[in-house]
file start39.pdb (PDB, C-alpha atoms)
ATOM      1  CA  MET A   1       0.000   0.000   0.000
ATOM      2  CA  SER A   2       1.418   3.394  -0.988
ATOM      3  CA  ALA A   3       1.846   6.321   1.387
ATOM      4  CA  SER A   4      -0.786   8.382  -0.468
ATOM      5  CA  SER A   5      -3.409   5.600  -0.324
ATOM      6  CA  SER A   6      -2.646   5.142   3.376
ATOM      7  CA  VAL A   7      -3.255   8.879   3.996
ATOM      8  CA  THR A   8      -6.452   8.742   1.917
ATOM      9  CA  ALA A   9      -7.712   5.718   3.872
ATOM     10  CA  ARG A  10      -7.008   7.485   7.186
ATOM     11  CA  ARG A  11      -8.766  10.652   5.995
ATOM     12  CA  LEU A  12     -11.765   8.629   4.832
ATOM     13  CA  ALA A  13     -11.929   6.801   8.167
ATOM     14  CA  ALA A  14     -11.637  10.108  10.040
ATOM     15  CA  ALA A  15     -14.433  11.630   7.933
ATOM     16  CA  VAL A  16     -16.710   8.632   8.582
ATOM     17  CA  LEU A  17     -16.015   8.815  12.336
ATOM     18  CA  ALA A  18     -16.624  12.581  12.388
ATOM     19  CA  ALA A  19     -19.887  12.194  10.475
ATOM     20  CA  SER A  20     -20.999   9.416  12.846
ATOM     21  CA  ALA A  21     -20.218  11.595  15.865
ATOM     22  CA  VAL A  22     -22.258  14.502  14.449
ATOM     23  CA  ILE A  23     -25.225  12.256  13.611
ATOM     24  CA  GLY A  24     -25.004  10.536  16.987
ATOM     25  CA  ALA A  25     -24.837  13.837  18.870
ATOM     26  CA  ALA A  26     -27.847  15.191  16.975
ATOM     27  CA  ALA A  27     -29.879  12.029  17.482
ATOM     28  CA  LEU A  28     -29.108  11.612  21.201
ATOM     29  CA  PRO A  29     -31.135  14.544  22.526
ATOM     30  CA  ALA A  30     -34.085  13.616  20.322
ATOM     31  CA  SER A  31     -34.131  10.007  21.485
ATOM     32  CA  ALA A  32     -33.654  11.053  25.123
ATOM     33  CA  ALA A  33     -36.554  13.495  24.800
ATOM     34  CA  ASP A  34     -38.728  10.818  23.196
ATOM     35  CA  HIS A  35     -37.895   8.443  26.035
ATOM     36  CA  ASP A  36     -38.881  11.046  28.644
ATOM     37  CA  ARG A  37     -42.133  11.830  26.845
ATOM     38  CA  GLY A  38     -42.976   8.187  26.255
ATOM     39  CA  TYR A  39     -42.624   6.860  29.803
ATOM     40  CA  ARG A  40     -44.865   8.168  32.514
ATOM     41  CA  GLY A  41     -45.194   4.939  34.479
ATOM     42  CA  PRO A  42     -48.406   2.987  34.816
ATOM     43  CA  LYS A  43     -51.536   4.884  33.879
ATOM     44  CA  VAL A  44     -53.652   3.947  36.874
ATOM     45  CA  GLU A  45     -55.909   6.509  38.500
ATOM     46  CA  ILE A  46     -58.598   6.801  41.137
ATOM     47  CA  SER A  47     -61.605   7.136  38.861
ATOM     48  CA  ALA A  48     -64.458   7.235  41.406
ATOM     49  CA  VAL A  49     -65.091   7.117  45.147
ATOM     50  CA  GLN A  50     -68.319   6.156  46.910
ATOM     51  CA  TYR A  51     -67.279   7.448  50.327
ATOM     52  CA  ASP A  52     -70.778   7.502  51.841
ATOM     53  CA  SER A  53     -72.529   4.172  51.664
ATOM     54  CA  PRO A  54     -76.088   4.749  50.385
ATOM     55  CA  GLY A  55     -78.775   4.279  53.035
ATOM     56  CA  ARG A  56     -78.314   3.895  56.760
ATOM     57  CA  ASP A  57     -74.764   3.388  58.042
ATOM     58  CA  ASP A  58     -75.488   0.278  60.099
ATOM     59  CA  ARG A  59     -72.053  -1.394  59.650
ATOM     60  CA  SER A  60     -73.632  -4.403  57.965
ATOM     61  CA  ASN A  61     -71.426  -6.088  55.381
ATOM     62  CA  ARG A  62     -73.854  -4.907  52.697
ATOM     63  CA  SER A  63     -73.495  -1.298  53.842
ATOM     64  CA  LEU A  64     -69.695  -1.602  54.159
ATOM     65  CA  ASN A  65     -69.427  -2.963  50.619
ATOM     66  CA  ARG A  66     -71.454  -0.050  49.253
ATOM     67  CA  GLU A  67     -68.490   2.133  50.270
ATOM     68  CA  TRP A  68     -65.745   1.740  47.636
ATOM     69  CA  VAL A  69     -62.971   3.237  45.541
ATOM     70  CA  GLU A  70     -62.556   2.537  41.829
ATOM     71  CA  LEU A  71     -59.192   2.388  40.091
ATOM     72  CA  THR A  72     -58.964   2.558  36.307
ATOM     73  CA  ASN A  73     -56.029   1.533  34.139
ATOM     74  CA  THR A  74     -56.245   3.978  31.233
ATOM     75  CA  GLY A  75     -53.290   2.391  29.462
ATOM     76  CA  ARG A  76     -53.344  -0.477  26.989
ATOM     77  CA  HIS A  77     -51.167  -2.839  29.008
ATOM     78  CA  ALA A  78     -51.950  -4.649  32.251
ATOM     79  CA  VAL A  79     -50.403  -3.262  35.435
ATOM     80  CA  ASN A  80     -49.283  -5.476  38.306
ATOM     81  CA  LEU A  81     -50.652  -3.804  41.462
ATOM     82  CA  ASP A  82     -48.955  -6.267  43.835
ATOM     83  CA  GLY A  83     -47.677  -4.238  46.802
ATOM     84  CA  TRP A  84     -49.524  -1.039  45.800
ATOM     85  CA  THR A  85     -51.485   0.700  48.578
ATOM     86  CA  LEU A  86     -54.720   2.629  48.924
ATOM     87  CA  GLN A  87     -54.787   4.725  52.099
ATOM     88  CA  ASP A  88     -57.081   7.190  53.886
ATOM     89  CA  GLU A  89     -55.968  10.250  55.873
ATOM     90  CA  ASP A  90     -56.007   8.308  59.151
ATOM     91  CA  GLY A  91     -53.504   5.784  57.821
ATOM     92  CA  ARG A  92     -55.900   2.892  57.203
ATOM     93  CA  THR A  93     -54.192   1.060  54.366
ATOM     94  CA  TYR A  94     -55.268  -1.592  51.905
ATOM     95  CA  THR A  95     -52.355  -3.385  50.213
ATOM     96  CA  PHE A  96     -52.956  -5.114  46.893
ATOM     97  CA  ASP A  97     -51.832  -8.731  46.857
ATOM     98  CA  ASP A  98     -51.076 -10.498  43.580
ATOM     99  CA  TYR A  99     -53.533  -8.528  41.436
ATOM    100  CA  ARG A 100     -53.127  -7.479  37.773
ATOM    101  CA  LEU A 101     -55.362  -4.727  36.447
ATOM    102  CA  ALA A 102     -55.947  -5.332  32.750
ATOM    103  CA  GLY A 103     -55.480  -2.526  30.240
ATOM    104  CA  ARG A 104     -58.424  -0.168  29.868
ATOM    105  CA  SER A 105     -60.282  -1.705  32.786
ATOM    106  CA  THR A 106     -61.542  -0.786  36.243
ATOM    107  CA  VAL A 107     -61.521  -2.517  39.612
ATOM    108  CA  ARG A 108     -63.695  -1.573  42.585
ATOM    109  CA  ILE A 109     -62.201  -1.928  46.077
ATOM    110  CA  HIS A 110     -65.000  -2.449  48.632
ATOM    111  CA  THR A 111     -64.569  -1.842  52.358
ATOM    112  CA  GLY A 112     -66.318  -4.969  53.685
ATOM    113  CA  HIS A 113     -65.911  -8.713  53.256
ATOM    114  CA  GLY A 114     -66.369 -10.555  49.973
ATOM    115  CA  ARG A 115     -64.831 -12.829  47.391
ATOM    116  CA  ASP A 116     -62.204 -11.122  45.230
ATOM    117  CA  THR A 117     -62.843 -11.191  41.487
ATOM    118  CA  ARG A 118     -61.265  -9.556  38.453
ATOM    119  CA  THR A 119     -63.531  -6.492  38.866
ATOM    120  CA  ASP A 120     -64.131  -6.375  42.645
ATOM    121  CA  LEU A 121     -61.691  -6.576  45.548
ATOM    122  CA  TYR A 122     -62.532  -6.528  49.261
ATOM    123  CA  GLN A 123     -60.625  -4.992  52.171
ATOM    124  CA  ASP A 124     -62.332  -7.404  54.631
ATOM    125  CA  ARG A 125     -62.959  -4.663  57.222
ATOM    126  CA  ARG A 126     -65.718  -4.429  59.807
ATOM    127  CA  HIS A 127     -65.645  -0.634  60.052
ATOM    128  CA  TYR A 128     -66.026   2.116  57.472
ATOM    129  CA  VAL A 129     -62.803   3.544  56.030
ATOM    130  CA  TRP A 130     -63.803   6.702  54.176
ATOM    131  CA  ASP A 131     -65.053   9.675  56.195
ATOM    132  CA  ASN A 132     -68.320  11.086  54.833
ATOM    133  CA  HIS A 133     -67.431  14.676  55.766
ATOM    134  CA  SER A 134     -63.920  14.928  54.327
ATOM    135  CA  ASP A 135     -61.080  12.577  53.530
ATOM    136  CA  THR A 136     -58.458  11.781  50.921
ATOM    137  CA  ALA A 137     -57.882   8.444  49.200
ATOM    138  CA  THR A 138     -54.227   8.117  48.180
ATOM    139  CA  LEU A 139     -52.843   5.511  45.786
ATOM    140  CA  ARG A 140     -49.137   4.610  45.904
ATOM    141  CA  ASN A 141     -47.153   2.058  43.923
ATOM    142  CA  ASP A 142     -45.102  -0.797  45.393
ATOM    143  CA  ARG A 143     -42.161   1.582  45.934
ATOM    144  CA  GLY A 144     -44.261   4.064  47.887
ATOM    145  CA  ARG A 145     -44.367   6.609  45.071
ATOM    146  CA  PHE A 146     -47.470   8.758  44.774
ATOM    147  CA  ILE A 147     -49.719   7.740  41.859
ATOM    148  CA  ASP A 148     -53.017   9.570  42.440
ATOM    149  CA  ASP A 149     -55.353  10.882  45.105
ATOM    150  CA  GLU A 150     -58.966  11.958  45.415
ATOM    151  CA  SER A 151     -60.248  14.307  48.104
ATOM    152  CA  TRP A 152     -63.708  15.441  49.135
ATOM    153  CA  GLY A 153     -65.268  17.772  51.697
ATOM    154  CA  ASP A 154     -62.829  20.193  53.330
ATOM    155  CA  ASN A 155     -59.984  18.479  51.430
ATOM    156  CA  ASP A 156     -61.581  18.840  47.979
ATOM    157  CA  ARG A 157     -59.185  21.589  46.905
ATOM    158  CA  HIS A 158     -56.178  19.360  46.113
ATOM    159  CA  HIS A 159     -57.129  16.528  43.764
ATOM    160  CA  HIS A 160     -54.177  15.486  41.624
ATOM    161  CA  GLY A 161     -55.675  12.852  39.344
ATOM    162  CA  GLY A 162     -58.308  12.706  36.647
ATOM    163  CA  GLY A 163     -60.977  10.953  38.679
ATOM    164  CA  HIS A 164     -64.218  12.134  40.190
ATOM    165  CA  HIS A 165     -66.080  11.222  43.318
ATOM    166  CA  ASN A 166     -69.576   9.968  43.954
ATOM    167  CA  HIS A 167     -71.472  10.176  47.179
ATOM    168  CA  GLY A 168     -74.682   8.940  48.675
ATOM    169  CA  ASP A 169     -76.447  10.407  51.681
ATOM    170  CA  ARG A 170     -73.975  13.028  52.903
ATOM    171  CA  GLY A 171     -75.790  13.545  56.218
ATOM    172  CA  ASN A 172     -74.075  10.611  57.938
ATOM    173  CA  ARG A 173     -70.547  10.662  59.192
ATOM    174  CA  HIS A 174     -68.440   7.610  60.015
TER     175      HIS A 174
END
call {"tool": "encode", "arguments": {"input": "start39.pdb", "output": "structure tokens"}}
result
Amino acid sequence: MSASSSVTARRLAAAVLAASAVIGAAALPASAADHDRGYRGPKVEISAVQYDSPGRDDRSNRSLNREWVELTNTGRHAVNLDGWTLQDEDGRTYTFDDYRLAGRSTVRIHTGHGRDTRTDLYQDRRHYVWDNHSDTATLRNDRGRFIDDESWGDNDRHHHGGGHHNHGDRGNRH
């Protein structure tokens, strides 16, 4: 190989490397930005709360189960809720155990006793959880990170998610 062809080969290699570096540098911020925009974590939200069981608050299992919180997965893919928590302001916590919420579906978490299904879960409590006057339901993932909350009554001014709340007879207070 001659000296001039060796210099030409080195210049060609240097030009290819320089061009690759420029293309790579230009593409990196775009792909990083796309990654940040594309990942927001699971798309699970508190979509509704029935904090005041309709009818008389007599602590019957029927009345307890008419108090509930609904979670909706607005994404296309299932989300494993194992270890996630739903908590009221007083620290009463329900921890999800081995439950997958399918994409674009909703699950209702009842306060009382019952048989868990794909669409209904039960906290197996004998006392009401959600205060009729004011309270906040907070959803956290298995790492304790805030996902969503829903407030009503005096606390209604700081809802962070896209859900809404329902209520029955607001005259009773638990």
call {"tool": "atom_distance", "arguments": {"input": "start39.pdb", "atom1": "atom CA of A:Asp97", "atom2": "atom CA of A:Leu71"}}
result
15.0 Å
call {"tool": "closest_residue", "arguments": {"input": "start39.pdb", "among": "A:Arg66, A:Arg108, A:His113, A:Arg145", "to": "A:Arg126", "atoms": "only C-alpha atoms"}}
result
A:His113
call {"tool": "resolve_selection", "arguments": {"input": "start39.pdb", "expression": "the PyMOL selection byres ((chain A and resi 137) around 8)", "output": "PyMOL selection string"}}
result
chain A and resi 86-89+130+135-136+138-139+149-151
call {"tool": "residues_around", "arguments": {"input": "start39.pdb", "residues": "A:Gln123", "least_positions_apart": "5", "cutoff": "8 Å", "atoms": "only C-alpha atoms", "output": "count of residues only"}}
result
6
call {"tool": "closest_residue", "arguments": {"input": "start39.pdb", "among": "A:Thr93, A:Ser53, A:Asn155, A:Ser47", "to": "A:Asn73", "atoms": "only C-alpha atoms"}}
result
A:Ser47
call {"tool": "atom_distance", "arguments": {"input": "start39.pdb", "atom1": "atom CA of A:Val107", "atom2": "atom CA of A:Pro54"}}
result
19.5 Å
